[in-house]
$ cat target36.cif   # mmCIF, C-alpha atoms
data_model
#
loop_
_atom_site.group_PDB
_atom_site.id
_atom_site.type_symbol
_atom_site.label_atom_id
_atom_site.label_comp_id
_atom_site.auth_asym_id
_atom_site.auth_seq_id
_atom_site.Cartn_x
_atom_site.Cartn_y
_atom_site.Cartn_z
ATOM 1 C CA MET A 1139 -65.582 7.487 32.863
ATOM 2 C CA GLU A 1140 -65.043 7.203 36.627
ATOM 3 C CA PHE A 1141 -63.177 3.926 36.050
ATOM 4 C CA LEU A 1142 -60.825 5.689 33.615
ATOM 5 C CA GLN A 1143 -60.418 8.612 36.001
ATOM 6 C CA SER A 1144 -59.202 6.257 38.729
ATOM 7 C CA PHE A 1145 -56.202 5.354 36.594
ATOM 8 C CA ILE A 1146 -55.339 8.892 35.513
ATOM 9 C CA ARG A 1147 -53.773 11.194 38.062
ATOM 10 C CA MET A 1148 -55.004 14.391 36.436
ATOM 11 C CA PRO A 1149 -58.713 15.345 36.103
ATOM 12 C CA LEU A 1150 -59.904 14.316 32.634
ATOM 13 C CA GLU A 1151 -60.999 17.831 31.707
ATOM 14 C CA GLN A 1152 -57.392 18.991 32.183
ATOM 15 C CA LEU A 1153 -55.858 16.103 30.231
ATOM 16 C CA PRO A 1154 -55.767 17.932 26.846
ATOM 17 C CA PHE A 1155 -53.701 20.719 28.417
ATOM 18 C CA LEU A 1156 -51.313 18.153 29.879
ATOM 19 C CA LEU A 1157 -50.846 16.529 26.473
ATOM 20 C CA ILE A 1158 -50.253 19.879 24.766
ATOM 21 C CA THR A 1159 -47.681 20.758 27.422
ATOM 22 C CA LEU A 1160 -45.919 17.416 26.962
ATOM 23 C CA LEU A 1161 -45.960 17.940 23.213
ATOM 24 C CA ILE A 1162 -44.040 21.183 23.655
ATOM 25 C CA ALA A 1163 -41.865 20.290 26.654
ATOM 26 C CA PHE A 1164 -40.576 16.931 25.415
ATOM 27 C CA THR A 1165 -40.030 18.172 21.867
ATOM 28 C CA VAL A 1166 -38.000 21.219 22.907
ATOM 29 C CA HIS A 1167 -36.071 19.108 25.440
ATOM 30 C CA GLU A 1168 -34.973 16.475 22.920
ATOM 31 C CA PHE A 1169 -34.364 19.027 20.163
ATOM 32 C CA SER A 1170 -32.012 20.882 22.512
ATOM 33 C CA HIS A 1171 -29.944 17.720 23.040
ATOM 34 C CA ALA A 1172 -29.773 17.066 19.302
ATOM 35 C CA TYR A 1173 -28.974 20.669 18.366
ATOM 36 C CA PHE A 1174 -26.058 21.070 20.766
ATOM 37 C CA ALA A 1175 -24.677 17.612 20.010
ATOM 38 C CA ASN A 1176 -24.614 18.527 16.327
ATOM 39 C CA LYS A 1177 -23.121 21.933 17.166
ATOM 40 C CA PHE A 1178 -20.281 20.202 19.031
ATOM 41 C CA GLY A 1179 -19.486 17.846 16.153
ATOM 42 C CA ASP A 1180 -21.747 14.826 16.649
ATOM 43 C CA PRO A 1181 -24.230 14.534 13.741
ATOM 44 C CA THR A 1182 -25.779 11.272 14.989
ATOM 45 C CA ALA A 1183 -29.118 12.739 16.053
ATOM 46 C CA ARG A 1184 -29.325 14.984 12.981
ATOM 47 C CA LEU A 1185 -28.668 12.075 10.609
ATOM 48 C CA LEU A 1186 -31.390 10.060 12.351
ATOM 49 C CA GLY A 1187 -33.876 12.910 11.899
ATOM 50 C CA ARG A 1188 -33.974 13.823 15.583
ATOM 51 C CA MET A 1189 -32.804 17.435 15.211
ATOM 52 C CA THR A 1190 -36.340 18.630 14.604
ATOM 53 C CA LEU A 1191 -39.267 20.252 16.385
ATOM 54 C CA ASN A 1192 -41.615 17.583 15.023
ATOM 55 C CA PRO A 1193 -43.136 16.024 18.189
ATOM 56 C CA ALA A 1194 -43.876 12.676 16.521
ATOM 57 C CA VAL A 1195 -40.148 11.992 16.174
ATOM 58 C CA HIS A 1196 -39.446 12.371 19.885
ATOM 59 C CA PHE A 1197 -42.438 10.750 21.595
ATOM 60 C CA ASP A 1198 -42.201 7.423 23.386
ATOM 61 C CA PHE A 1199 -45.731 6.031 23.694
ATOM 62 C CA PHE A 1200 -45.121 4.037 26.871
ATOM 63 C CA GLY A 1201 -43.265 6.952 28.482
ATOM 64 C CA ILE A 1202 -46.179 9.313 27.827
ATOM 65 C CA ILE A 1203 -48.770 6.843 29.126
ATOM 66 C CA LEU A 1204 -46.709 6.297 32.272
ATOM 67 C CA LEU A 1205 -46.406 10.031 32.869
ATOM 68 C CA VAL A 1206 -50.164 10.513 32.581
ATOM 69 C CA VAL A 1207 -50.987 7.512 34.780
ATOM 70 C CA ALA A 1208 -48.089 7.463 37.249
ATOM 71 C CA GLY A 1209 -46.822 11.030 37.309
ATOM 72 C CA PHE A 1210 -43.499 10.548 35.530
ATOM 73 C CA GLY A 1211 -42.337 9.341 32.142
ATOM 74 C CA TRP A 1212 -39.996 10.127 29.282
ATOM 75 C CA ALA A 1213 -39.556 10.876 25.596
ATOM 76 C CA ARG A 1214 -37.339 8.904 23.208
ATOM 77 C CA PRO A 1215 -33.736 9.679 24.238
ATOM 78 C CA VAL A 1216 -31.643 11.429 21.592
ATOM 79 C CA PRO A 1217 -28.613 9.294 20.636
ATOM 80 C CA VAL A 1218 -25.319 11.034 21.341
ATOM 81 C CA ASN A 1219 -21.868 9.761 20.397
ATOM 82 C CA ARG A 1220 -19.472 11.568 22.707
ATOM 83 C CA ASP A 1221 -16.476 10.241 20.755
ATOM 84 C CA ASN A 1222 -17.278 12.855 18.110
ATOM 85 C CA PHE A 1223 -16.749 15.705 20.569
ATOM 86 C CA SER A 1224 -13.376 17.446 20.695
ATOM 87 C CA ARG A 1225 -13.787 17.630 24.497
ATOM 88 C CA PRO A 1226 -16.049 14.646 25.242
ATOM 89 C CA ARG A 1227 -16.601 15.138 28.971
ATOM 90 C CA LEU A 1228 -17.181 18.899 28.956
ATOM 91 C CA MET A 1229 -19.339 18.871 25.839
ATOM 92 C CA GLY A 1230 -21.138 15.774 27.092
ATOM 93 C CA VAL A 1231 -22.120 17.620 30.267
ATOM 94 C CA ILE A 1232 -23.383 20.578 28.248
ATOM 95 C CA VAL A 1233 -25.385 18.410 25.851
ATOM 96 C CA SER A 1234 -26.972 16.587 28.792
ATOM 97 C CA ALA A 1235 -27.684 19.790 30.713
ATOM 98 C CA VAL A 1236 -29.382 21.710 27.889
ATOM 99 C CA GLY A 1237 -32.397 19.383 28.003
ATOM 100 C CA PRO A 1238 -33.419 20.203 31.584
ATOM 101 C CA ILE A 1239 -32.392 23.828 31.077
ATOM 102 C CA SER A 1240 -34.773 24.058 28.102
ATOM 103 C CA ASN A 1241 -37.635 23.012 30.398
ATOM 104 C CA LEU A 1242 -36.523 25.550 32.999
ATOM 105 C CA LEU A 1243 -36.623 28.278 30.344
ATOM 106 C CA LEU A 1244 -40.042 27.114 29.115
ATOM 107 C CA GLY A 1245 -41.306 27.324 32.693
ATOM 108 C CA PHE A 1246 -40.068 30.905 33.019
ATOM 109 C CA LEU A 1247 -41.471 31.765 29.578
ATOM 110 C CA GLY A 1248 -44.892 30.440 30.545
ATOM 111 C CA ALA A 1249 -44.797 32.353 33.826
ATOM 112 C CA MET A 1250 -43.796 35.529 32.004
ATOM 113 C CA ILE A 1251 -46.604 35.281 29.428
ATOM 114 C CA TYR A 1252 -49.241 34.413 32.040
ATOM 115 C CA SER A 1253 -48.112 37.230 34.350
ATOM 116 C CA ALA A 1254 -48.149 39.723 31.478
ATOM 117 C CA LEU A 1255 -51.718 38.709 30.571
ATOM 118 C CA ALA A 1256 -52.821 38.992 34.197
ATOM 119 C CA ALA A 1257 -50.977 42.197 35.068
ATOM 120 C CA THR A 1258 -52.122 44.089 31.962
ATOM 121 C CA GLY A 1259 -55.783 43.193 32.479
ATOM 122 C CA VAL A 1260 -56.119 40.945 29.430
ATOM 123 C CA LEU A 1261 -57.456 38.047 31.500
ATOM 124 C CA GLU A 1262 -60.000 40.272 33.246
ATOM 125 C CA SER A 1263 -61.366 41.362 29.876
ATOM 126 C CA ILE A 1264 -62.285 37.774 28.926
ATOM 127 C CA SER A 1265 -65.987 37.323 29.622
ATOM 128 C CA ASN A 1266 -66.255 33.674 28.613
ATOM 129 C CA ASP A 1267 -65.726 31.656 31.789
ATOM 130 C CA ARG A 1268 -64.839 28.459 29.922
ATOM 131 C CA VAL A 1269 -62.149 30.206 27.904
ATOM 132 C CA LEU A 1270 -60.766 31.837 31.021
ATOM 133 C CA GLN A 1271 -60.717 28.500 32.865
ATOM 134 C CA ALA A 1272 -58.913 26.877 29.929
ATOM 135 C CA ILE A 1273 -56.249 29.595 30.021
ATOM 136 C CA TYR A 1274 -55.763 29.126 33.772
ATOM 137 C CA TRP A 1275 -55.477 25.361 33.376
ATOM 138 C CA PHE A 1276 -53.070 25.547 30.455
ATOM 139 C CA PHE A 1277 -50.637 27.979 32.032
ATOM 140 C CA GLY A 1278 -50.852 26.292 35.435
ATOM 141 C CA ILE A 1279 -49.975 22.917 33.926
ATOM 142 C CA PHE A 1280 -47.431 24.304 31.459
ATOM 143 C CA ILE A 1281 -45.463 26.253 34.049
ATOM 144 C CA GLN A 1282 -45.519 23.658 36.821
ATOM 145 C CA LEU A 1283 -44.803 20.657 34.581
ATOM 146 C CA ASN A 1284 -41.832 22.294 32.877
ATOM 147 C CA PHE A 1285 -40.293 23.150 36.242
ATOM 148 C CA PHE A 1286 -41.004 19.585 37.367
ATOM 149 C CA LEU A 1287 -39.319 18.154 34.262
ATOM 150 C CA PHE A 1288 -36.316 20.384 34.908
ATOM 151 C CA LEU A 1289 -35.936 18.948 38.410
ATOM 152 C CA PHE A 1290 -36.909 15.384 37.510
ATOM 153 C CA ASN A 1291 -34.369 15.097 34.701
ATOM 154 C CA LEU A 1292 -31.576 16.076 37.082
ATOM 155 C CA ILE A 1293 -32.118 12.897 39.135
ATOM 156 C CA PRO A 1294 -28.861 10.896 38.800
ATOM 157 C CA LEU A 1295 -30.518 7.707 37.527
ATOM 158 C CA PRO A 1296 -30.189 6.350 33.977
ATOM 159 C CA PRO A 1297 -31.418 7.244 31.433
ATOM 160 C CA LEU A 1298 -32.066 10.712 32.903
ATOM 161 C CA ASP A 1299 -29.821 13.657 32.113
ATOM 162 C CA GLY A 1300 -28.676 13.961 35.715
ATOM 163 C CA TYR A 1301 -27.081 10.533 35.462
ATOM 164 C CA ARG A 1302 -25.313 11.409 32.207
ATOM 165 C CA ILE A 1303 -23.934 14.564 33.801
ATOM 166 C CA VAL A 1304 -22.615 12.598 36.803
ATOM 167 C CA GLU A 1305 -21.229 9.954 34.442
ATOM 168 C CA ASP A 1306 -19.308 12.550 32.422
ATOM 169 C CA LEU A 1307 -17.968 14.260 35.526
ATOM 170 C CA ALA A 1308 -16.948 11.059 37.328
ATOM 171 C CA PRO A 1309 -13.391 9.643 37.074
ATOM 172 C CA ARG A 1310 -13.072 6.721 34.675
ATOM 173 C CA PRO A 1311 -13.003 3.940 37.365
ATOM 174 C CA ILE A 1312 -16.185 5.242 38.966
ATOM 175 C CA ARG A 1313 -17.774 5.687 35.554
ATOM 176 C CA GLY A 1314 -17.157 2.015 34.817
ATOM 177 C CA ARG A 1315 -18.860 0.994 38.055
ATOM 178 C CA LEU A 1316 -21.836 3.227 37.354
ATOM 179 C CA GLN A 1317 -22.345 1.647 33.943
ATOM 180 C CA GLN A 1318 -22.544 -1.809 35.535
ATOM 181 C CA TYR A 1319 -25.734 -0.809 37.349
ATOM 182 C CA GLU A 1320 -27.534 0.930 34.462
ATOM 183 C CA GLN A 1321 -29.570 -2.198 33.735
ATOM 184 C CA TRP A 1322 -31.280 -1.895 37.139
ATOM 185 C CA ALA A 1323 -32.591 1.612 36.490
ATOM 186 C CA VAL A 1324 -36.012 0.494 35.262
ATOM 187 C CA PHE A 1325 -36.543 -1.548 38.443
ATOM 188 C CA ILE A 1326 -35.626 1.459 40.574
ATOM 189 C CA PHE A 1327 -38.225 3.540 38.737
ATOM 190 C CA LEU A 1328 -40.860 0.851 39.308
ATOM 191 C CA LEU A 1329 -40.023 0.776 43.009
ATOM 192 C CA ILE A 1330 -40.397 4.544 43.178
ATOM 193 C CA LEU A 1331 -43.737 4.235 41.407
ATOM 194 C CA PHE A 1332 -45.313 1.445 43.439
ATOM 195 C CA ILE A 1333 -43.859 2.008 46.915
ATOM 196 C CA PRO A 1334 -45.543 5.077 48.469
ATOM 197 C CA GLY A 1335 -42.728 5.573 50.970
ATOM 198 C CA LEU A 1336 -40.125 5.909 48.209
ATOM 199 C CA ARG A 1337 -42.375 8.132 46.140
ATOM 200 C CA ALA A 1338 -42.874 10.410 49.134
ATOM 201 C CA TYR A 1339 -39.119 11.032 49.265
ATOM 202 C CA THR A 1340 -38.547 11.343 45.502
ATOM 203 C CA ILE A 1341 -41.383 12.409 43.217
ATOM 204 C CA THR A 1342 -43.472 14.259 45.824
ATOM 205 C CA PRO A 1343 -40.686 16.658 46.929
ATOM 206 C CA LEU A 1344 -39.898 17.422 43.280
ATOM 207 C CA ASP A 1345 -43.555 18.231 42.681
ATOM 208 C CA ASN A 1346 -43.591 20.510 45.733
ATOM 209 C CA TRP A 1347 -40.426 22.293 44.602
ATOM 210 C CA ALA A 1348 -41.868 22.724 41.116
ATOM 211 C CA ASN A 1349 -44.984 24.313 42.630
ATOM 212 C CA GLN A 1350 -42.828 26.676 44.656
ATOM 213 C CA MET A 1351 -40.808 27.598 41.566
ATOM 214 C CA SER A 1352 -44.033 28.195 39.626
ATOM 215 C CA ALA A 1353 -45.467 30.460 42.305
ATOM 216 C CA GLY A 1354 -42.192 32.333 42.664
ATOM 217 C CA ALA A 1355 -41.782 32.872 38.926
ATOM 218 C CA VAL A 1356 -45.354 34.108 38.476
ATOM 219 C CA LYS A 1357 -45.006 36.432 41.469
ATOM 220 C CA PHE A 1358 -41.729 37.832 40.094
ATOM 221 C CA PHE A 1359 -43.035 38.504 36.591
ATOM 222 C CA PHE A 1360 -46.384 39.814 37.856
ATOM 223 C CA GLY A 1361 -44.507 42.334 39.968
ATOM 224 C CA LEU A 1362 -42.378 43.203 36.958
ATOM 225 C CA PHE A 1363 -45.314 43.823 34.626
ATOM 226 C CA GLY A 1364 -47.682 45.182 37.267
ATOM 227 C CA GLY A 1365 -45.261 47.824 38.416
#

$ encode --input "target36.cif" --output "structure tokens"
Amino acid sequence: MEFLQSFIRMPLEQLPFLLITLLIAFTVHEFSHAYFANKFGDPTARLLGRMTLNPAVHFDFFGIILLVVAGFGWARPVPVNRDNFSRPRLMGVIVSAVGPISNLLLGFLGAMIYSALAATGVLESISNDRVLQAIYWFFGIFIQLNFFLFLFNLIPLPPLDGYRIVEDLAPRPIRGRLQQYEQWAVFIFLLILFIPGLRAYTITPLDNWANQMSAGAVKFFFGLFGG
């Protein structure tokens, strides 16, 4: 068990709550892409069965394993054909942005529910310590990870949403140059993963910002419900 723990960044007893959070966060994220793409006239994702809240359709096994082990990963990207949009660049930006925004909203939703339970005394009334600990773990992971995914997906590297947003906003000549370097994205991610110095300036700050957002959201909603 200790050998396994050395490869997994999160304590094993918290791993089920991480997986549940990923189940929700990745599914809602990819569904949001598919739903708005279909709304704007591109049925590609819907025809491929991706416009659904069924987690099995959206999960990428390697991406999930990497997230658990390394601290970042991905779901299966929703295919989007921007040629079907009446305003490809504008609608492309919106379709790309709704994924991270869905995680931002999930983070706020988790903070709101947790704060309501805490402020109204529901958590104090729970006498079972194991149940109470499970609730703390779940909401802590759910809130922080969704804020992290919001920030992480805005990184302007393919295949992340931040890159697609930059690509849609960039003039055509620059867009062409950007596409030439897409093939190197996986190597950049590996460098970020295995070189501590790079990770310290990329993933670690995002994690710190996500923690700050989590604390701020909980404090705001606790004040709201606690009067």

$ axis_aligned_box --input "target36.cif" --around "region 1181-1185 of chain A" --padding-each-side "3 Å" --output "lines of an AutoDock Vina configuration file"
center_x = -26.8
center_y = 13.1
center_z = 13.3
size_x = 11.1
size_y = 9.7
size_z = 11.4

$ closest_residue --input "target36.cif" --among "A:Ser1170, A:Thr1165, A:Asn1176, A:Asn1349" --to "Pro1193 (chain A)" --atoms "all atoms listed in the file"
A:Thr1165

$ resolve_selection --input "target36.cif" --expression "the PyMOL selection byres ((chain A and resi 1361) around 12)" --output "NGL selection string"
:A and (1249-1250 or 1253-1254 or 1256-1258 or 1354-1360 or 1362-1365)

$ atom_distance --input "target36.cif" --atom1 "CA of Pro1294 (chain A)" --atom2 "CA of Tyr1319 (chain A)"
12.2 Å

$ closest_residue --input "target36.cif" --among "A:Pro1309, A:Pro1238, A:Gly1259, A:Gly1335" --to "Leu1292 (chain A)" --atoms "only C-alpha atoms"
A:Pro1238

$ residues_around --input "target36.cif" --residues "Leu1287 (chain A)" --least-positions-apart "6" --cutoff "10 Å" --atoms "all atoms listed in the file" --output "compact mmCIF listing (two decimals) with C-alpha atoms, in the frame of the given file"
# COMPACT_ATOMS: atom_id res chain seq x y z
CA LEU A 1160 -45.92 17.42 26.96
CA ALA A 1163 -41.86 20.29 26.65
CA PHE A 1164 -40.58 16.93 25.42
CA HIS A 1167 -36.07 19.11 25.44
CA PHE A 1210 -43.50 10.55 35.53
CA GLY A 1211 -42.34 9.34 32.14
CA TRP A 1212 -40.00 10.13 29.28
CA GLY A 1237 -32.40 19.38 28.00
CA PRO A 1238 -33.42 20.20 31.58
CA ILE A 1239 -32.39 23.83 31.08
CA SER A 1240 -34.77 24.06 28.10
CA ASN A 1241 -37.64 23.01 30.40
CA LEU A 1242 -36.52 25.55 33.00
CA GLY A 1245 -41.31 27.32 32.69
CA LEU A 1344 -39.90 17.42 43.28
CA ASP A 1345 -43.56 18.23 42.68
CA ALA A 1348 -41.87 22.72 41.12

$ residues_around --input "target36.cif" --residues "Phe1174 (chain A)" --least-positions-apart "4" --cutoff "12 Å" --atoms "only C-alpha atoms" --output "VMD selection string"
chain A and resid 1167 to 1170 1178 to 1184 1188 to 1189 1216 1218 1220 1223 1229 to 1237 1240

$ closest_residue --input "target36.cif" --among "A:Asn1219, A:Ala1338, A:Gly1187, A:Ser1352" --to "Tyr1252 (chain A)" --atoms "all atoms listed in the file"
A:Ser1352

$ atom_distance --input "target36.cif" --atom1 "CA of Pro1311 (chain A)" --atom2 "CA of Pro1297 (chain A)"
19.6 Å

$ build_atoms --input "target36.cif" --residues "region 1212-1236 of chain A" --atoms "N, CA, C and O atoms" --output "PDB file, in the frame of the given file"
ATOM      1  N   TRP A1212     -41.148   9.689  30.070  1.00  0.00           N
ATOM      2  CA  TRP A1212     -39.996  10.127  29.282  1.00  0.00           C
ATOM      3  C   TRP A1212     -40.344  10.204  27.814  1.00  0.00           C
ATOM      4  O   TRP A1212     -41.372   9.670  27.364  1.00  0.00           O
ATOM      5  N   ALA A1213     -39.490  10.882  27.051  1.00  0.00           N
ATOM      6  CA  ALA A1213     -39.556  10.876  25.596  1.00  0.00           C
ATOM      7  C   ALA A1213     -38.481   9.918  25.091  1.00  0.00           C
ATOM      8  O   ALA A1213     -37.731   9.339  25.877  1.00  0.00           O
ATOM      9  N   ARG A1214     -38.388   9.745  23.782  1.00  0.00           N
ATOM     10  CA  ARG A1214     -37.339   8.904  23.208  1.00  0.00           C
ATOM     11  C   ARG A1214     -36.001   9.626  23.366  1.00  0.00           C
ATOM     12  O   ARG A1214     -35.836  10.744  22.875  1.00  0.00           O
ATOM     13  N   PRO A1215     -35.029   9.017  24.046  1.00  0.00           N
ATOM     14  CA  PRO A1215     -33.736   9.679  24.238  1.00  0.00           C
ATOM     15  C   PRO A1215     -33.035   9.940  22.901  1.00  0.00           C
ATOM     16  O   PRO A1215     -33.072   9.099  21.995  1.00  0.00           O
ATOM     17  N   VAL A1216     -32.426  11.095  22.791  1.00  0.00           N
ATOM     18  CA  VAL A1216     -31.643  11.429  21.592  1.00  0.00           C
ATOM     19  C   VAL A1216     -30.301  10.707  21.666  1.00  0.00           C
ATOM     20  O   VAL A1216     -29.599  10.805  22.679  1.00  0.00           O
ATOM     21  N   PRO A1217     -29.921   9.975  20.625  1.00  0.00           N
ATOM     22  CA  PRO A1217     -28.613   9.294  20.636  1.00  0.00           C
ATOM     23  C   PRO A1217     -27.471  10.286  20.502  1.00  0.00           C
ATOM     24  O   PRO A1217     -27.504  11.175  19.650  1.00  0.00           O
ATOM     25  N   VAL A1218     -26.489  10.139  21.361  1.00  0.00           N
ATOM     26  CA  VAL A1218     -25.319  11.034  21.341  1.00  0.00           C
ATOM     27  C   VAL A1218     -24.055  10.186  21.375  1.00  0.00           C
ATOM     28  O   VAL A1218     -23.907   9.317  22.229  1.00  0.00           O
ATOM     29  N   ASN A1219     -23.166  10.444  20.442  1.00  0.00           N
ATOM     30  CA  ASN A1219     -21.868   9.761  20.397  1.00  0.00           C
ATOM     31  C   ASN A1219     -20.804  10.741  20.875  1.00  0.00           C
ATOM     32  O   ASN A1219     -20.340  11.587  20.102  1.00  0.00           O
ATOM     33  N   ARG A1220     -20.423  10.623  22.131  1.00  0.00           N
ATOM     34  CA  ARG A1220     -19.472  11.568  22.707  1.00  0.00           C
ATOM     35  C   ARG A1220     -18.085  11.470  22.089  1.00  0.00           C
ATOM     36  O   ARG A1220     -17.266  12.388  22.240  1.00  0.00           O
ATOM     37  N   ASP A1221     -17.781  10.383  21.406  1.00  0.00           N
ATOM     38  CA  ASP A1221     -16.476  10.241  20.755  1.00  0.00           C
ATOM     39  C   ASP A1221     -16.273  11.262  19.640  1.00  0.00           C
ATOM     40  O   ASP A1221     -15.144  11.523  19.218  1.00  0.00           O
ATOM     41  N   ASN A1222     -17.367  11.844  19.168  1.00  0.00           N
ATOM     42  CA  ASN A1222     -17.278  12.855  18.110  1.00  0.00           C
ATOM     43  C   ASN A1222     -16.986  14.251  18.649  1.00  0.00           C
ATOM     44  O   ASN A1222     -16.743  15.176  17.873  1.00  0.00           O
ATOM     45  N   PHE A1223     -17.022  14.407  19.967  1.00  0.00           N
ATOM     46  CA  PHE A1223     -16.749  15.705  20.569  1.00  0.00           C
ATOM     47  C   PHE A1223     -15.245  15.914  20.719  1.00  0.00           C
ATOM     48  O   PHE A1223     -14.510  14.976  21.049  1.00  0.00           O
ATOM     49  N   SER A1224     -14.800  17.147  20.503  1.00  0.00           N
ATOM     50  CA  SER A1224     -13.376  17.446  20.695  1.00  0.00           C
ATOM     51  C   SER A1224     -13.008  17.400  22.183  1.00  0.00           C
ATOM     52  O   SER A1224     -11.872  17.071  22.538  1.00  0.00           O
ATOM     53  N   ARG A1225     -13.973  17.732  23.043  1.00  0.00           N
ATOM     54  CA  ARG A1225     -13.787  17.630  24.497  1.00  0.00           C
ATOM     55  C   ARG A1225     -14.972  16.843  25.044  1.00  0.00           C
ATOM     56  O   ARG A1225     -15.954  17.425  25.518  1.00  0.00           O
ATOM     57  N   PRO A1226     -14.889  15.508  24.976  1.00  0.00           N
ATOM     58  CA  PRO A1226     -16.049  14.646  25.242  1.00  0.00           C
ATOM     59  C   PRO A1226     -16.735  14.888  26.586  1.00  0.00           C
ATOM     60  O   PRO A1226     -17.968  14.946  26.645  1.00  0.00           O
ATOM     61  N   ARG A1227     -15.976  15.027  27.655  1.00  0.00           N
ATOM     62  CA  ARG A1227     -16.601  15.138  28.971  1.00  0.00           C
ATOM     63  C   ARG A1227     -17.296  16.486  29.152  1.00  0.00           C
ATOM     64  O   ARG A1227     -18.446  16.558  29.602  1.00  0.00           O
ATOM     65  N   LEU A1228     -16.601  17.569  28.814  1.00  0.00           N
ATOM     66  CA  LEU A1228     -17.181  18.899  28.956  1.00  0.00           C
ATOM     67  C   LEU A1228     -18.400  19.065  28.053  1.00  0.00           C
ATOM     68  O   LEU A1228     -19.469  19.495  28.496  1.00  0.00           O
ATOM     69  N   MET A1229     -18.235  18.706  26.785  1.00  0.00           N
ATOM     70  CA  MET A1229     -19.339  18.871  25.839  1.00  0.00           C
ATOM     71  C   MET A1229     -20.471  17.897  26.146  1.00  0.00           C
ATOM     72  O   MET A1229     -21.642  18.210  25.914  1.00  0.00           O
ATOM     73  N   GLY A1230     -20.109  16.722  26.686  1.00  0.00           N
ATOM     74  CA  GLY A1230     -21.138  15.774  27.092  1.00  0.00           C
ATOM     75  C   GLY A1230     -21.999  16.329  28.207  1.00  0.00           C
ATOM     76  O   GLY A1230     -23.230  16.165  28.211  1.00  0.00           O
ATOM     77  N   VAL A1231     -21.374  16.995  29.169  1.00  0.00           N
ATOM     78  CA  VAL A1231     -22.120  17.620  30.267  1.00  0.00           C
ATOM     79  C   VAL A1231     -23.060  18.686  29.723  1.00  0.00           C
ATOM     80  O   VAL A1231     -24.234  18.771  30.123  1.00  0.00           O
ATOM     81  N   ILE A1232     -22.558  19.500  28.811  1.00  0.00           N
ATOM     82  CA  ILE A1232     -23.383  20.578  28.248  1.00  0.00           C
ATOM     83  C   ILE A1232     -24.571  20.013  27.477  1.00  0.00           C
ATOM     84  O   ILE A1232     -25.706  20.469  27.636  1.00  0.00           O
ATOM     85  N   VAL A1233     -24.313  19.016  26.645  1.00  0.00           N
ATOM     86  CA  VAL A1233     -25.385  18.410  25.851  1.00  0.00           C
ATOM     87  C   VAL A1233     -26.443  17.792  26.763  1.00  0.00           C
ATOM     88  O   VAL A1233     -27.642  17.894  26.498  1.00  0.00           O
ATOM     89  N   SER A1234     -26.021  17.169  27.846  1.00  0.00           N
ATOM     90  CA  SER A1234     -26.972  16.587  28.792  1.00  0.00           C
ATOM     91  C   SER A1234     -27.750  17.671  29.535  1.00  0.00           C
ATOM     92  O   SER A1234     -28.959  17.537  29.776  1.00  0.00           O
ATOM     93  N   ALA A1235     -27.066  18.749  29.884  1.00  0.00           N
ATOM     94  CA  ALA A1235     -27.684  19.790  30.713  1.00  0.00           C
ATOM     95  C   ALA A1235     -28.692  20.643  29.952  1.00  0.00           C
ATOM     96  O   ALA A1235     -29.650  21.150  30.548  1.00  0.00           O
ATOM     97  N   VAL A1236     -28.497  20.799  28.632  1.00  0.00           N
ATOM     98  CA  VAL A1236     -29.382  21.710  27.889  1.00  0.00           C
ATOM     99  C   VAL A1236     -30.822  21.210  27.837  1.00  0.00           C
ATOM    100  O   VAL A1236     -31.750  22.012  27.682  1.00  0.00           O
TER     101      VAL A1236
END
